[in-house]
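**Student:** First the structure, then my questions, so here it is.
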Amino acid sequence: MSKKTTAEADKKPENTATGESSVNAPINASLNAEGRIELYRKMVRIRRFEERSLRAYQAKKIGGFLHLYIGQEAVAVGCCSLMGPDDHVITAYRDHGHAIAVGMDTKPLMAELFGKVTGCSKGKGGSMHYFDPSRNYWGGHGIVGGQIPLGTGLAYAIKYQGKKGAAMAFMGDGAVNQGAVHEAFNLAALWDLPCIFVIENNRYSMGTSQRRSSAGTSLAQRAEAYGMAWATCNGHDVYDVRATMDRFLTAARENSKPGVVEIDTYRYRGHSVADPDKTYRTRDEIEDYQRTKDPITLFQQTLLKEGVLNQELIEKIDGEARAEADQAADFAEASPFPTPEDIQKDVYWEADNPEQRKSEGRLFFE
Amino acid sequence: MPVITYREAVRHALAEELERDPNVVVMGEEVAQFNGAYKVTEGLLARFGPKRIVDTPISEAGFIGMGVGASMLGVRPVMELMFWSFYSVAFDQILNNAANVRYMSGGQINVPIVIRGPANGGTNVGATHSHTPENVLANHPGVKVVVPATPYDAKGLLKSAIRDNDPVMFLENTMLYGDKGEVPEEEYLIPLGKADVKRQGTDLTIVSYGRAAIHSLKAAEELQSQHGLSVEVVDLRSIRPLDIDTVLASVRRTHRLLIVEEQKPFCSVGSQIAFMVQKEAFDELDAPINRLATIDAPAIYSPPVEVEQLPNPARIVKAALATR
Ligand SMILES: Cc1ncc(C[n+]2csc(CCOP(=O)(O)OP(=O)(O)O)c2C)c(N)n1
Ligand SMILES: [Mg+2]
């Protein structure tokens, strides 16, 4: 873990890579070769899925916004790889990576983007609103910061039900300035809820840098005001993400302690893919990240050095990920759209379960 | 039959459901140690302890959202808003989260939360504390909205609301908390979405709910004794789901309709009712549908004038006589 101390101009302080020590953290040291490869494979699968969805967007198969996770893969994969049976996840609209990281099948994910009835939300949620409660994945939320009280509620329920679990509530660097986030911080700290607030700091909220939006030098440090533990870590290094998050998850599961973890990361694409990308950052900056901090390239190098990966395996994983993304797109393409009759389904539990309905009267109006 | 107050009726409903289901939790500002800002939750902390009766900080967005999140995992929170007026600072959590997550997840989630508290004018607390948001809430598919007028209805409806698997917005009334009424000893439930004909009549139907329904009943007595007019009073009780059939049946008997609501008129609950009645019973009407609402301005403070801004028996009598 590295503590940030200053933030000057638009430059975030360099996060000293902690890969060397993180690799020896028990949570990483205990990983066998297959476990390491699986982390790598998940990141590659996310990237290929995102690239394929971008092509589908450009081919006008996808409506609305498409917020790509490319560049941030180590964050979701690192965090979600630590999930136990009673751990839960909730995030914002940049939610594809987390969905794949928790184990959702990419076919319904792509179909959701295409607005198809075979989508994970039956075409009712779209890119920003992926859900899979069966995998403890509670969305996918479009209002910046609005999901954070919900994540706190997941933690409340975990504690109320006496489970040894934790909720990971993800948000962007911009979300930290929302009032609801601070209300949630206070509640979690006040009541010792097992909630870890994960700030994915990709340096920008849309086109606004952290310096232009956020007072103070550190986002995670705001936790101090609530007496919560906090840390920053290197989101370009999946081992560091895991080592840091493991400590916080353990404190949450064992002692019901909340915390704030700020993970330095970077997105390569525009905020949403249709957004212009040149007004607030330079091509050089993006290329520099891609060249020196790409989480997949870095982990590939690490695993090559460890002797876990070889060129042949790298190509196999990549080929399979590309094929999977293509198959997901084919599945989405071939799937039907929902019908107008579907519009009013999934609004009320009672309307969807008429045999168990207890209320009377009209639920829907013309 | 025992006679208890509206306040006690709500409290009994809470206590019975807390007793019945260990997943039920009562939360809100001052609900536990302080015994409730309006003493609705008095004694519950002593009886059920701090795990079930929880004081929250003044963080409506935070704790309502937290309740929504907890309900997704099967806790059944009953959240008290000290005043429903404060819904505005939690509105994102109510409409984007409570109302929408089921839909956005393609039906994978349900949100069994109740949000309750008083929503009314008439207490001289001015514009910030006198909102009646039932129309605003009911505008959001996914939530249910209930506005009980009597102790009997408050208890039976709240118990149903707590057992409901959808989010229910339960709007009480500080002016009614002290009202007394008969409430049976034995357990009963009132289904949401069922209107109640609180007085039968032949010449005019008044459709109302909440405290305006109580005023309407008083007005109906005067209309009978002073003007020989036989008025039927239909109390909607639930706004969504809506029992329009009971309204239509009454209109088919009386052929005249006055809607009385403690609501600003623009896009009110009454607007919706009027639309439905003209659509479904146009030929039954012998006069245009009339409506009496709160006078269209922010809630005035001045105590004697606030009475005139709200529906009251005298205003209702006048409106009823004009419905011809
Ligand atoms: C309440 C609210 N305000 C504004 C927006 C529009 N908006 C969507 S994403 C975004 C930027 C958020 O940035 P950040 O929290 O850093 O997350 P990132 O996109 O970088 O993942 C804005 C302004 C919104 N969706 N919700
Ligand atoms: Mg950001």
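Each chain in the structure tokens gets a letter, A, B and so on, in the order shown; residues start at 1 in every chain, and ligands are counted from 1 in the order they appear.
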Kindly compile the residues surrounding ligand 1 within 6 Å, counting only C-alpha atoms and all ligand atoms, and format them as a ChimeraX atom specification.

**Tutor:** /A:94,142-144,171-175,202,204-206,271

**Student:** Those selected residues, please, written with C-alpha atoms and delivered as a short mmCIF file (atom, residue, chain, number, x, y, z; two decimals), in the first residue's frame.

**Tutor:**
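That gives us again-v9.cif:
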```cif
data_model
loop_
_atom_site.label_atom_id
_atom_site.label_comp_id
_atom_site.auth_asym_id
_atom_site.auth_seq_id
_atom_site.Cartn_x
_atom_site.Cartn_y
_atom_site.Cartn_z
CA ARG A 94 -19.28 1.62 -15.78
CA GLY A 142 -26.89 5.34 -13.40
CA ILE A 143 -27.07 8.10 -10.82
CA VAL A 144 -23.59 9.14 -9.77
CA MET A 171 -17.78 4.48 -7.27
CA GLY A 172 -15.75 6.83 -9.43
CA ASP A 173 -13.57 9.70 -8.28
CA GLY A 174 -16.32 12.15 -9.22
CA ALA A 175 -18.93 10.38 -7.10
CA ASN A 202 -9.40 7.08 -13.09
CA TYR A 204 -11.49 12.19 -14.41
CA SER A 205 -15.22 12.51 -13.94
CA MET A 206 -16.27 12.93 -17.55
CA HIS A 271 -16.16 8.89 -20.71
#
```

**Student:** Check every protein, DNA and RNA residue against ligand 2, keep those with an atom at most 12 Å away (counting only C-alpha atoms and all ligand atoms), and present them as a PyMOL selection string.

**Tutor:** chain A and resi 67-69+72+92-94+144-145+170-177+199-211+213-214+219+262-272

**Student:** Export C-alpha atoms of the chosen residues as a compact mmCIF listing (two decimals), in the first residue's frame?

**Tutor:**
```
# COMPACT_ATOMS: atom_id res chain seq x y z
CA HIS A 67 -19.07 3.53 -20.68
CA LEU A 68 -16.12 1.26 -21.34
CA TYR A 69 -13.95 -0.22 -18.63
CA GLN A 72 -9.45 -0.46 -15.40
CA ALA A 92 -22.08 2.61 -10.97
CA TYR A 93 -22.80 2.65 -14.70
CA ARG A 94 -19.28 1.62 -15.78
CA VAL A 144 -23.59 9.14 -9.77
CA GLY A 145 -23.18 8.13 -6.12
CA PHE A 170 -17.73 0.90 -6.07
CA MET A 171 -17.78 4.48 -7.27
CA GLY A 172 -15.75 6.83 -9.43
CA ASP A 173 -13.57 9.70 -8.28
CA GLY A 174 -16.32 12.15 -9.22
CA ALA A 175 -18.93 10.38 -7.10
CA VAL A 176 -17.03 11.14 -3.91
CA ASN A 177 -18.44 14.66 -4.01
CA ILE A 199 -13.12 4.58 -5.24
CA GLU A 200 -11.96 3.78 -8.75
CA ASN A 201 -9.89 6.87 -9.34
CA ASN A 202 -9.40 7.08 -13.09
CA ARG A 203 -8.45 10.76 -12.66
CA TYR A 204 -11.49 12.19 -14.41
CA SER A 205 -15.22 12.51 -13.94
CA MET A 206 -16.27 12.93 -17.55
CA GLY A 207 -14.01 15.80 -18.63
CA THR A 208 -13.24 17.16 -15.18
CA SER A 209 -10.01 16.26 -13.46
CA GLN A 210 -9.83 15.52 -9.79
CA ARG A 211 -8.11 18.83 -9.09
CA SER A 213 -13.63 18.96 -8.81
CA SER A 214 -12.37 17.81 -5.46
CA LEU A 219 -10.22 11.30 -1.82
CA GLU A 262 -8.96 4.47 -3.43
CA ILE A 263 -7.58 2.58 -6.38
CA ASP A 264 -5.54 4.45 -8.95
CA THR A 265 -6.51 3.49 -12.43
CA TYR A 266 -7.08 4.98 -15.86
CA ARG A 267 -9.63 4.72 -18.63
CA TYR A 268 -8.38 4.75 -22.20
CA ARG A 269 -11.65 5.56 -23.91
CA GLY A 270 -13.84 8.64 -23.68
CA HIS A 271 -16.16 8.89 -20.71
CA SER A 272 -18.86 7.32 -22.83
```

**Student:** For Leu73 in chain B, which of B:Ile239, B:Val101, B:Ile109, B:Cys267 is the closest residue, counting only C-alpha atoms?

**Tutor:**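 So, comparing all the options, the nearest one is B:Ile109.
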
**Student:** Go ahead and compute the interatomic distance for CA of Pro167 in chain B and CA of Val143 in chain B, in Å to one decimal.

**Tutor:**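 These two atoms are separated by 5.2 Å.
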
**Student:** Write down as a ChimeraX atom specification the residues of range 120-348 of chain A whose backbone DSSP state falls under helix (DSSP H, G or I).

**Tutor:** /A:133-135,147-160,174-177,179-190,210-213,220-226,238-255,283-292,295-306,311-334,340-344

**Student:** Using only C-alpha atoms, what table do you get, as JSON lines, when you list each residue of chain B with an atom no more than 7 Å from chain A, its nearest pair of atoms, and their distance in Å rounded to one decimal, rows by chain then rising number?

**Tutor:**
```
{"residue": "B:Ser59", "atom": "CA", "partner": "A:Glu183", "partner_atom": "CA", "distance": 5.9}
{"residue": "B:Ala61", "atom": "CA", "partner": "A:Ala180", "partner_atom": "CA", "distance": 5.8}
{"residue": "B:Gly62", "atom": "CA", "partner": "A:Glu183", "partner_atom": "CA", "distance": 4.9}
{"residue": "B:Gly65", "atom": "CA", "partner": "A:Pro149", "partner_atom": "CA", "distance": 4.7}
{"residue": "B:Met66", "atom": "CA", "partner": "A:Gly153", "partner_atom": "CA", "distance": 3.8}
{"residue": "B:Gly67", "atom": "CA", "partner": "A:Gly153", "partner_atom": "CA", "distance": 5.7}
{"residue": "B:Val68", "atom": "CA", "partner": "A:Leu150", "partner_atom": "CA", "distance": 6.2}
{"residue": "B:Gly69", "atom": "CA", "partner": "A:Leu150", "partner_atom": "CA", "distance": 3.9}
{"residue": "B:Ala70", "atom": "CA", "partner": "A:Gly153", "partner_atom": "CA", "distance": 4.2}
{"residue": "B:Leu73", "atom": "CA", "partner": "A:Ala157", "partner_atom": "CA", "distance": 6.3}
{"residue": "B:Val75", "atom": "CA", "partner": "A:Ala157", "partner_atom": "CA", "distance": 6.2}
{"residue": "B:Gln93", "atom": "CA", "partner": "A:Gly146", "partner_atom": "CA", "distance": 6.9}
{"residue": "B:Arg102", "atom": "CA", "partner": "A:Asp346", "partner_atom": "CA", "distance": 6.2}
{"residue": "B:Tyr103", "atom": "CA", "partner": "A:Asp346", "partner_atom": "CA", "distance": 5.1}
{"residue": "B:Met104", "atom": "CA", "partner": "A:Gly125", "partner_atom": "CA", "distance": 4.2}
{"residue": "B:Ser105", "atom": "CA", "partner": "A:Ser121", "partner_atom": "CA", "distance": 4.6}
{"residue": "B:Gly106", "atom": "CA", "partner": "A:Ser121", "partner_atom": "CA", "distance": 4.0}
{"residue": "B:Gly107", "atom": "CA", "partner": "A:Asp346", "partner_atom": "CA", "distance": 4.4}
{"residue": "B:Gln108", "atom": "CA", "partner": "A:Pro133", "partner_atom": "CA", "distance": 6.9}
{"residue": "B:Asn110", "atom": "CA", "partner": "A:Trp349", "partner_atom": "CA", "distance": 6.3}
{"residue": "B:Pro141", "atom": "CA", "partner": "A:Val347", "partner_atom": "CA", "distance": 6.6}
{"residue": "B:Gly142", "atom": "CA", "partner": "A:Val347", "partner_atom": "CA", "distance": 5.1}
{"residue": "B:Asn165", "atom": "CA", "partner": "A:Trp349", "partner_atom": "CA", "distance": 6.3}
{"residue": "B:Asp166", "atom": "CA", "partner": "A:Trp349", "partner_atom": "CA", "distance": 6.0}
{"residue": "B:Pro191", "atom": "CA", "partner": "A:Ser359", "partner_atom": "CA", "distance": 4.9}
{"residue": "B:Leu192", "atom": "CA", "partner": "A:Ser359", "partner_atom": "CA", "distance": 4.7}
{"residue": "B:Gly193", "atom": "CA", "partner": "A:Glu360", "partner_atom": "CA", "distance": 4.6}
{"residue": "B:Lys194", "atom": "CA", "partner": "A:Glu360", "partner_atom": "CA", "distance": 5.9}
{"residue": "B:Arg240", "atom": "CA", "partner": "A:Leu363", "partner_atom": "CA", "distance": 6.1}
{"residue": "B:Pro241", "atom": "CA", "partner": "A:Leu363", "partner_atom": "CA", "distance": 4.6}
{"residue": "B:Leu242", "atom": "CA", "partner": "A:Gly361", "partner_atom": "CA", "distance": 4.8}
{"residue": "B:Asp243", "atom": "CA", "partner": "A:Gly361", "partner_atom": "CA", "distance": 4.3}
{"residue": "B:Ile244", "atom": "CA", "partner": "A:Gly361", "partner_atom": "CA", "distance": 6.9}
```

**Student:** Emit the selected residues as a tab-separated table (two decimals), in the first residue's frame, including N, CA, C and O atoms.

**Tutor:**
```tsv
chain	number	residue	atom	x	y	z
B	59	SER	N	-30.14	11.93	7.92
B	59	SER	CA	-29.54	11.59	6.62
B	59	SER	C	-30.56	10.85	5.79
B	59	SER	O	-30.42	9.66	5.54
B	61	ALA	N	-31.38	10.71	2.66
B	61	ALA	CA	-30.90	9.99	1.47
B	61	ALA	C	-30.11	8.76	1.89
B	61	ALA	O	-30.27	7.68	1.34
B	62	GLY	N	-29.26	8.94	2.90
B	62	GLY	CA	-28.42	7.85	3.36
B	62	GLY	C	-29.23	6.71	3.95
B	62	GLY	O	-29.09	5.56	3.56
B	65	GLY	N	-31.87	5.11	1.46
B	65	GLY	CA	-31.14	4.28	0.49
B	65	GLY	C	-30.61	3.03	1.15
B	65	GLY	O	-30.65	1.94	0.57
B	66	MET	N	-30.12	3.17	2.36
B	66	MET	CA	-29.63	2.00	3.08
B	66	MET	C	-30.76	0.99	3.30
B	66	MET	O	-30.56	-0.22	3.15
B	67	GLY	N	-31.92	1.49	3.64
B	67	GLY	CA	-33.07	0.60	3.82
B	67	GLY	C	-33.43	-0.12	2.53
B	67	GLY	O	-33.73	-1.32	2.53
B	68	VAL	N	-33.37	0.59	1.42
B	68	VAL	CA	-33.66	-0.03	0.13
B	68	VAL	C	-32.64	-1.14	-0.14
B	68	VAL	O	-33.01	-2.26	-0.52
B	69	GLY	N	-31.37	-0.84	0.10
B	69	GLY	CA	-30.34	-1.85	-0.12
B	69	GLY	C	-30.53	-3.06	0.78
B	69	GLY	O	-30.42	-4.21	0.34
B	70	ALA	N	-30.84	-2.81	2.05
B	70	ALA	CA	-31.04	-3.93	2.98
B	70	ALA	C	-32.25	-4.76	2.57
B	70	ALA	O	-32.25	-5.98	2.69
B	73	LEU	N	-31.82	-7.61	0.16
B	73	LEU	CA	-31.28	-8.85	0.74
B	73	LEU	C	-32.25	-9.49	1.74
B	73	LEU	O	-31.87	-10.41	2.45
B	75	VAL	N	-34.11	-8.03	4.36
B	75	VAL	CA	-34.55	-7.30	5.55
B	75	VAL	C	-35.83	-6.56	5.16
B	75	VAL	O	-36.01	-6.20	4.00
B	93	GLN	N	-33.22	8.21	-3.97
B	93	GLN	CA	-33.24	6.84	-3.46
B	93	GLN	C	-34.61	6.20	-3.64
B	93	GLN	O	-34.73	5.01	-3.89
B	102	ARG	N	-36.17	-3.06	-9.51
B	102	ARG	CA	-36.83	-4.27	-10.01
B	102	ARG	C	-36.87	-4.25	-11.54
B	102	ARG	O	-36.50	-5.22	-12.20
B	103	TYR	N	-37.27	-3.12	-12.07
B	103	TYR	CA	-37.41	-3.02	-13.52
B	103	TYR	C	-36.06	-3.15	-14.23
B	103	TYR	O	-35.90	-3.93	-15.17
B	104	MET	N	-35.10	-2.39	-13.73
B	104	MET	CA	-33.79	-2.36	-14.41
B	104	MET	C	-33.07	-3.69	-14.33
B	104	MET	O	-32.15	-3.95	-15.09
B	105	SER	N	-33.48	-4.52	-13.36
B	105	SER	CA	-32.85	-5.84	-13.24
B	105	SER	C	-33.68	-6.89	-13.95
B	105	SER	O	-33.42	-8.09	-13.81
B	106	GLY	N	-34.68	-6.47	-14.70
B	106	GLY	CA	-35.52	-7.44	-15.40
B	106	GLY	C	-36.28	-8.33	-14.43
B	106	GLY	O	-36.52	-9.50	-14.72
B	107	GLY	N	-36.66	-7.77	-13.28
B	107	GLY	CA	-37.50	-8.52	-12.34
B	107	GLY	C	-36.73	-9.43	-11.40
B	107	GLY	O	-37.32	-10.27	-10.73
B	108	GLN	N	-35.41	-9.25	-11.32
B	108	GLN	CA	-34.63	-10.14	-10.44
B	108	GLN	C	-34.66	-9.72	-8.98
B	108	GLN	O	-34.26	-10.48	-8.11
B	110	ASN	N	-36.68	-7.56	-5.70
B	110	ASN	CA	-37.83	-6.80	-5.21
B	110	ASN	C	-37.43	-6.10	-3.91
B	110	ASN	O	-36.47	-6.48	-3.26
B	141	PRO	N	-44.22	4.30	-11.40
B	141	PRO	CA	-44.55	2.87	-11.41
B	141	PRO	C	-43.48	2.11	-10.65
B	141	PRO	O	-42.29	2.38	-10.82
B	142	GLY	N	-43.91	1.17	-9.85
B	142	GLY	CA	-42.95	0.44	-9.02
B	142	GLY	C	-43.20	0.68	-7.55
B	142	GLY	O	-42.89	-0.18	-6.74
B	165	ASN	N	-44.47	-7.19	-0.88
B	165	ASN	CA	-43.12	-7.39	-1.43
B	165	ASN	C	-42.67	-6.25	-2.33
B	165	ASN	O	-41.58	-6.30	-2.91
B	166	ASP	N	-43.49	-5.24	-2.50
B	166	ASP	CA	-43.10	-4.05	-3.26
B	166	ASP	C	-42.90	-2.88	-2.29
B	166	ASP	O	-43.40	-2.91	-1.17
B	191	PRO	N	-56.54	-5.16	2.56
B	191	PRO	CA	-55.71	-5.18	1.35
B	191	PRO	C	-55.47	-3.78	0.80
B	191	PRO	O	-56.36	-2.92	0.87
B	192	LEU	N	-54.28	-3.56	0.29
B	192	LEU	CA	-54.04	-2.31	-0.43
B	192	LEU	C	-54.94	-2.32	-1.67
B	192	LEU	O	-55.27	-3.37	-2.20
B	193	GLY	N	-55.30	-1.12	-2.11
B	193	GLY	CA	-56.06	-1.04	-3.37
B	193	GLY	C	-57.53	-1.32	-3.20
B	193	GLY	O	-58.21	-1.69	-4.15
B	194	LYS	N	-58.05	-1.14	-1.99
B	194	LYS	CA	-59.47	-1.35	-1.78
B	194	LYS	C	-60.07	-0.11	-1.13
B	194	LYS	O	-59.76	0.22	0.01
B	240	ARG	N	-52.28	4.05	-5.08
B	240	ARG	CA	-51.75	3.09	-6.07
B	240	ARG	C	-51.35	1.84	-5.33
B	240	ARG	O	-50.45	1.94	-4.50
B	241	PRO	N	-51.98	0.69	-5.56
B	241	PRO	CA	-53.06	0.46	-6.53
B	241	PRO	C	-54.33	1.24	-6.18
B	241	PRO	O	-54.57	1.56	-5.02
B	242	LEU	N	-55.11	1.48	-7.21
B	242	LEU	CA	-56.28	2.34	-7.10
B	242	LEU	C	-57.54	1.52	-7.36
B	242	LEU	O	-57.64	0.82	-8.36
B	243	ASP	N	-58.49	1.66	-6.45
B	243	ASP	CA	-59.78	0.97	-6.60
B	243	ASP	C	-60.74	1.87	-7.35
B	243	ASP	O	-61.64	2.47	-6.75
B	244	ILE	N	-60.55	1.97	-8.65
B	244	ILE	CA	-61.43	2.85	-9.43
B	244	ILE	C	-62.83	2.24	-9.55
B	244	ILE	O	-63.81	2.97	-9.73
```

**Student:** Quick one: pick out all strand (DSSP E) residues within range 42-234 of chain A from a backbone DSSP run and write them as JSON, numbers by chain.

**Tutor:** {"A": [88, 89, 90, 167, 168, 169, 170, 171, 172, 195, 196, 197, 198, 199, 200, 201, 204, 205, 208, 209, 229, 230, 231, 232, 233, 234]}
